[in-house]
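Engineer: One structure, pasted below without further comment.
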Amino acid sequence: MTSSRGRWAIEGGYVETPEGLIFTVKGLVHPPGRVVAYLRYMREPSGDRVRGGVRYRRVYGFEEQESIVKTCYPKYSYYDSNWDAELQAVPLSDVVCTYSPDERLKGLFESRVGDKLEELAKGFAEELSSTSGVDLGFMGVSGSLLLSLHHEGSDVDFMVYGRENCIKAQRAMRDLLDEAKSFKRLGEAQLKELYRSRSTETPMSYELFAKQELRKVIQGVYRGCMYFIRFVKDLNEVEESYGERRTRGLGRAKVRALVTDDLESIFTPCTYGVKCLEVLSGKVDAGRLLEVTSFRGRFAEQALRGEEVEVKGRLEEVHFRGRIYQRLVVGSRGDYMVSLSL
């Protein structure tokens, strides 16, 4: 991928097809001629989101996304032999509109007055930029606000681009949350709402969920509105090209492991270096299991170096630049990564 594509083509961007389907882009690396992206909105006369006089509805669960794409729009369903995985991936020839989070935020600042959520997003950006020293040009807004499909109850989905910028922004968010002025940690009612929305896919007790989530800075409340931040490496920091990393699925597995490296844990996608302590299920070669990876933002900031974790996910054999090792990928229904050190 080259920078000429723009930030719409990495995590947090969106693409639209001729059928009015709107897909959210996942990850940083894509197959030639396609962009890995998952269905998020579609036109529907009874939809509760309206833009330009057209009604849309949000497609929530992965199972429903898969069903719609495979049944009605199979050209957007794609088996990738390089990654040995069934994906949703839109051919670039079918992309009729792209949505870039940084361009949307820039547009908000160029317009005089926005609605309530737009003004909140601007304030969020200004306070984070002022505290962290990260230029507004390395920030953006994603989700429904990016698409102008937001409503009164929508959250602020925020983006920060660039490794060093993300590290600065994460530190700043800790300070802002500790000050507890404009930024606050989730309250009990908000935690329970988040738990209800996630627990169907990511099983764990509410008590453990609350401990995990309350120490994160990527989510909280800004002036009464819930927010979620994705820290994403920028276009010039994408460290591999498609085809360099080949993976083969080895089924499901569950392990107890020690986190040995958390330097990549704040990003989406995120990676944790691990040492396997105990194989609980699956075809795990304990000495070759080196990583836990997720392409979902909810698994960022999930554990710290030195903590023991229990992880369940898809076991893969990875061939990358002369190395062969195993990793667990978490993100599908039933997957989890929980710290045993809390």
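Identifiers in this document derive from the order of the structure tokens: chains are assigned A, B, ..., residues are numbered from 1 separately in each chain, and ligands are numbered from 1 in order of occurrence.
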Residues within 10 Å of Glu164 in chain A, please, as a ChimeraX atom specification. Count only C-alpha atoms; anything in the same chain fewer than 6 positions from it doesn't count.
Structural biologist: /A:134,170,233
Engineer: Assign secondary structure with DSSP using the backbone only, and return the residues of range 71-298 of chain A in alpha helix (DSSP H) as JSON, numbers by chain.
Structural biologist: {"A": [71, 72, 101, 102, 103, 104, 105, 106, 107, 108, 109, 110, 116, 117, 118, 119, 120, 121, 122, 123, 124, 125, 126, 127, 128, 129, 130, 131, 132, 143, 144, 145, 146, 147, 163, 164, 165, 166, 167, 168, 169, 170, 171, 172, 173, 174, 175, 176, 177, 178, 179, 188, 189, 190, 191, 192, 193, 194, 195, 196, 197, 198, 206, 207, 208, 209, 210, 211, 212, 213, 214]}
Engineer: Hey, what's within 7 Å of range 149-159 of chain A if we count only C-alpha atoms and toss same-chain stuff fewer than 3 positions away? As a ChimeraX atom specification, please?
Structural biologist: /A:49-51,121,139-145,225-231
Engineer: Using only C-alpha atoms, determine which residues lie at most 10 Å from range 276-282 of chain A, disregarding the query and same-chain residues fewer than 5 positions distant; provide the list as a PyMOL selection string.
Structural biologist: chain A and resi 250-259+287-291+308-315
Engineer: For the residues selected in the previous step, produce a file with C-alpha atoms as a PDB file, in the first residue's frame.
Structural biologist:
```
ATOM      1  CA  LEU A 250      -4.615 -24.740  12.810  1.00  0.00           C
ATOM      2  CA  GLY A 251      -8.040 -24.624  14.458  1.00  0.00           C
ATOM      3  CA  ARG A 252      -9.090 -23.192  17.804  1.00  0.00           C
ATOM      4  CA  ALA A 253      -6.824 -23.102  20.823  1.00  0.00           C
ATOM      5  CA  LYS A 254      -6.676 -21.864  24.399  1.00  0.00           C
ATOM      6  CA  VAL A 255      -3.558 -21.162  26.448  1.00  0.00           C
ATOM      7  CA  ARG A 256      -2.256 -19.591  29.609  1.00  0.00           C
ATOM      8  CA  ALA A 257       0.665 -17.314  28.758  1.00  0.00           C
ATOM      9  CA  LEU A 258       3.014 -14.645  30.056  1.00  0.00           C
ATOM     10  CA  VAL A 259       3.059 -11.293  28.244  1.00  0.00           C
ATOM     11  CA  GLY A 287       7.797 -23.337  22.342  1.00  0.00           C
ATOM     12  CA  ARG A 288       6.743 -21.822  19.016  1.00  0.00           C
ATOM     13  CA  LEU A 289       3.760 -19.767  20.220  1.00  0.00           C
ATOM     14  CA  LEU A 290       5.169 -16.243  20.223  1.00  0.00           C
ATOM     15  CA  GLU A 291       2.300 -13.794  19.637  1.00  0.00           C
ATOM     16  CA  GLU A 308      -0.292 -13.704  32.966  1.00  0.00           C
ATOM     17  CA  VAL A 309      -3.193 -14.019  30.543  1.00  0.00           C
ATOM     18  CA  GLU A 310      -5.642 -16.640  29.365  1.00  0.00           C
ATOM     19  CA  VAL A 311      -6.277 -16.463  25.635  1.00  0.00           C
ATOM     20  CA  LYS A 312      -8.678 -18.266  23.326  1.00  0.00           C
ATOM     21  CA  GLY A 313      -8.679 -17.741  19.576  1.00  0.00           C
ATOM     22  CA  ARG A 314      -7.678 -19.003  16.138  1.00  0.00           C
ATOM     23  CA  LEU A 315      -4.289 -20.734  16.158  1.00  0.00           C
TER      24      LEU A 315
END
```
Engineer: Between A:Gly334, A:Gly137, A:Gly162, A:Pro91, single out the one closest to Met204 in chain A, counting only C-alpha atoms.
Structural biologist: A:Gly334
Engineer: Per residue of range 60-178 of chain A within 8 Å of range 211-224 of chain A, which atom pair is closest and at what distance in Å (one decimal), using only C-alpha atoms, listed by chain and increasing number, as a tab-separated table?
Structural biologist:
```
residue	atom	partner	partner_atom	distance
A:Leu120	CA	A:Arg223	CA	7.7
A:Phe124	CA	A:Tyr222	CA	7.2
A:Gln170	CA	A:Val217	CA	6.8
A:Met173	CA	A:Val217	CA	6.0
A:Arg174	CA	A:Val217	CA	6.2
A:Leu177	CA	A:Val217	CA	7.6
```
Engineer: Could those residues be written to a file, using C-alpha atoms, as a PDB file, in the first residue's frame?
Structural biologist:
```pdb
ATOM      1  CA  LEU A 120     -17.887  17.595  20.826  1.00  0.00           C
ATOM      2  CA  PHE A 124     -12.084  16.434  21.981  1.00  0.00           C
ATOM      3  CA  GLN A 170      -1.948   7.714  25.214  1.00  0.00           C
ATOM      4  CA  MET A 173      -5.127  10.643  27.887  1.00  0.00           C
ATOM      5  CA  ARG A 174      -3.910   9.205  31.193  1.00  0.00           C
ATOM      6  CA  LEU A 177      -8.541  11.065  32.761  1.00  0.00           C
TER       7      LEU A 177
END
```
Engineer: Name all residues at most 6 Å from Asn82 in chain A (count only C-alpha atoms; drop same-chain ones fewer than 2 positions away) and give them as a list in words.
Structural biologist: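 Counting only C-alpha atoms, the residues come to Asp80, Asp84 and Arg246 of chain A.
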Engineer: Include N, CA and C atoms and write out the residues we just selected as a tab-separated table (two decimals), in the first residue's frame.
Structural biologist:
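In the end it all went to result29.tsv:
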```tsv
chain	number	residue	atom	x	y	z
A	80	ASP	N	-8.84	-15.71	1.08
A	80	ASP	CA	-7.46	-15.33	0.81
A	80	ASP	C	-6.55	-16.51	1.12
A	84	ASP	N	-5.08	-17.86	4.46
A	84	ASP	CA	-5.93	-19.02	4.75
A	84	ASP	C	-7.15	-18.60	5.56
A	246	ARG	N	2.69	-15.18	5.52
A	246	ARG	CA	1.74	-16.22	5.14
A	246	ARG	C	1.30	-16.97	6.39
```
Engineer: So which one's closest to Arg323 in chain A, A:Thr247, A:Ser100, A:Thr202, A:Gln302? Using only C-alpha atoms, please.
Structural biologist: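 Checking each of A:Thr247, A:Ser100, A:Thr202, A:Gln302 against Arg323 in chain A, counting only C-alpha atoms, the winner is A:Thr247.
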Engineer: Would you mind listing what lies within 12 Å of Ser148 in chain A as a list in words, with only C-alpha atoms counted and same-chain residues fewer than 6 positions away left out?
Structural biologist: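 Skipping anything fewer than 6 positions along the chain leaves Tyr41, Arg49, Val50, Arg51, Gly52, Gly53, Val54, Arg55, Tyr56, Tyr99, Pro101, Arg104, Leu105, Gly107, Leu108, Gly114, Asp115, Leu117, Glu118, Val141, Ser142 and Ser154 of chain A.
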Engineer: Report as a PyMOL selection string all protein, DNA and RNA residues lying within 12 Å of Asp234 in chain A, evaluated on only C-alpha atoms, omitting residues in the same chain fewer than 3 positions from it.
Structural biologist: chain A and resi 1-3+6-12+27-29+102+137-139+159-166+230-231+237-239+267-268
Engineer: Using N, CA and C atoms, can you write the selected residues to a file as a compact mmCIF listing (two decimals), in the first residue's frame?
Structural biologist:
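The resulting again04.txt:
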```txt
# COMPACT_ATOMS: atom_id res chain seq x y z
N MET A 1 0.84 -1.19 0.00
CA MET A 1 0.00 0.00 0.00
C MET A 1 0.88 1.24 0.00
N THR A 2 0.49 2.24 -0.73
CA THR A 2 1.25 3.47 -0.81
C THR A 2 0.44 4.61 -0.23
N SER A 3 1.14 5.70 0.13
CA SER A 3 0.48 6.83 0.75
C SER A 3 -0.48 7.52 -0.19
N GLY A 6 -4.22 7.24 0.61
CA GLY A 6 -4.85 8.02 1.66
C GLY A 6 -5.26 7.17 2.84
N ARG A 7 -5.58 7.83 3.94
CA ARG A 7 -5.89 7.12 5.18
C ARG A 7 -7.23 6.41 5.15
N TRP A 8 -8.03 6.62 4.13
CA TRP A 8 -9.28 5.85 4.01
C TRP A 8 -8.99 4.36 3.86
N ALA A 9 -7.78 4.03 3.38
CA ALA A 9 -7.44 2.65 3.05
C ALA A 9 -6.76 1.91 4.19
N ILE A 10 -6.73 2.49 5.39
CA ILE A 10 -6.23 1.77 6.56
C ILE A 10 -7.29 1.81 7.65
N GLU A 11 -7.03 1.09 8.71
CA GLU A 11 -7.95 0.97 9.85
C GLU A 11 -8.66 2.28 10.17
N GLY A 12 -9.99 2.22 10.25
CA GLY A 12 -10.77 3.41 10.59
C GLY A 12 -11.40 4.11 9.41
N GLY A 27 -7.43 -3.21 9.36
CA GLY A 27 -6.01 -3.49 9.22
C GLY A 27 -5.27 -2.50 8.35
N LEU A 28 -4.03 -2.87 8.04
CA LEU A 28 -3.12 -1.99 7.30
C LEU A 28 -2.65 -2.59 5.98
N VAL A 29 -2.81 -3.90 5.82
CA VAL A 29 -2.30 -4.60 4.64
C VAL A 29 -3.47 -5.25 3.92
N ASP A 102 -9.25 11.65 8.81
CA ASP A 102 -8.54 12.92 8.98
C ASP A 102 -9.17 14.03 8.14
N GLY A 137 -3.52 17.40 12.37
CA GLY A 137 -3.44 16.69 11.10
C GLY A 137 -3.21 15.20 11.24
N PHE A 138 -2.83 14.75 12.45
CA PHE A 138 -2.62 13.32 12.69
C PHE A 138 -3.77 12.73 13.51
N MET A 139 -4.92 13.40 13.45
CA MET A 139 -6.11 12.93 14.15
C MET A 139 -7.27 12.84 13.18
N MET A 159 -9.59 8.88 16.07
CA MET A 159 -8.39 8.26 15.51
C MET A 159 -7.16 9.11 15.81
N VAL A 160 -6.04 8.44 16.11
CA VAL A 160 -4.73 9.10 16.17
C VAL A 160 -3.79 8.27 15.29
N TYR A 161 -3.02 8.95 14.43
CA TYR A 161 -2.15 8.28 13.47
C TYR A 161 -0.67 8.52 13.81
N GLY A 162 0.13 7.47 13.63
CA GLY A 162 1.58 7.57 13.80
C GLY A 162 2.04 7.01 15.13
N ARG A 163 3.07 6.16 15.10
CA ARG A 163 3.53 5.48 16.31
C ARG A 163 3.84 6.46 17.43
N GLU A 164 4.71 7.42 17.18
CA GLU A 164 5.10 8.34 18.25
C GLU A 164 3.93 9.22 18.68
N ASN A 165 3.10 9.61 17.73
CA ASN A 165 1.92 10.41 18.08
C ASN A 165 0.98 9.62 18.99
N CYS A 166 0.83 8.35 18.71
CA CYS A 166 -0.06 7.51 19.52
C CYS A 166 0.47 7.37 20.94
N ARG A 230 -8.92 4.82 18.53
CA ARG A 230 -8.04 3.83 17.93
C ARG A 230 -6.70 4.49 17.61
N PHE A 231 -5.64 3.92 18.15
CA PHE A 231 -4.29 4.34 17.84
C PHE A 231 -3.82 3.49 16.66
N GLU A 237 4.34 3.96 7.97
CA GLU A 237 4.86 3.08 9.00
C GLU A 237 4.41 1.63 8.83
N VAL A 238 3.67 1.36 7.77
CA VAL A 238 3.25 -0.02 7.51
C VAL A 238 4.49 -0.84 7.20
N GLU A 239 4.76 -1.83 8.04
CA GLU A 239 6.06 -2.49 8.05
C GLU A 239 6.15 -3.73 7.18
N PHE A 267 -1.99 -0.35 19.73
CA PHE A 267 -2.43 -0.07 18.37
C PHE A 267 -3.59 -0.96 17.95
N THR A 268 -4.26 -0.55 16.88
CA THR A 268 -5.21 -1.40 16.16
C THR A 268 -4.70 -1.51 14.73
```
Engineer: Given the choices A:Val330, A:Arg112, A:Lys26, A:Arg171, which gets closest to Ser132 in chain A if the distance is worked out from only C-alpha atoms?
Structural biologist: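 Distance minimum relative to Ser132 in chain A lands on A:Arg171.
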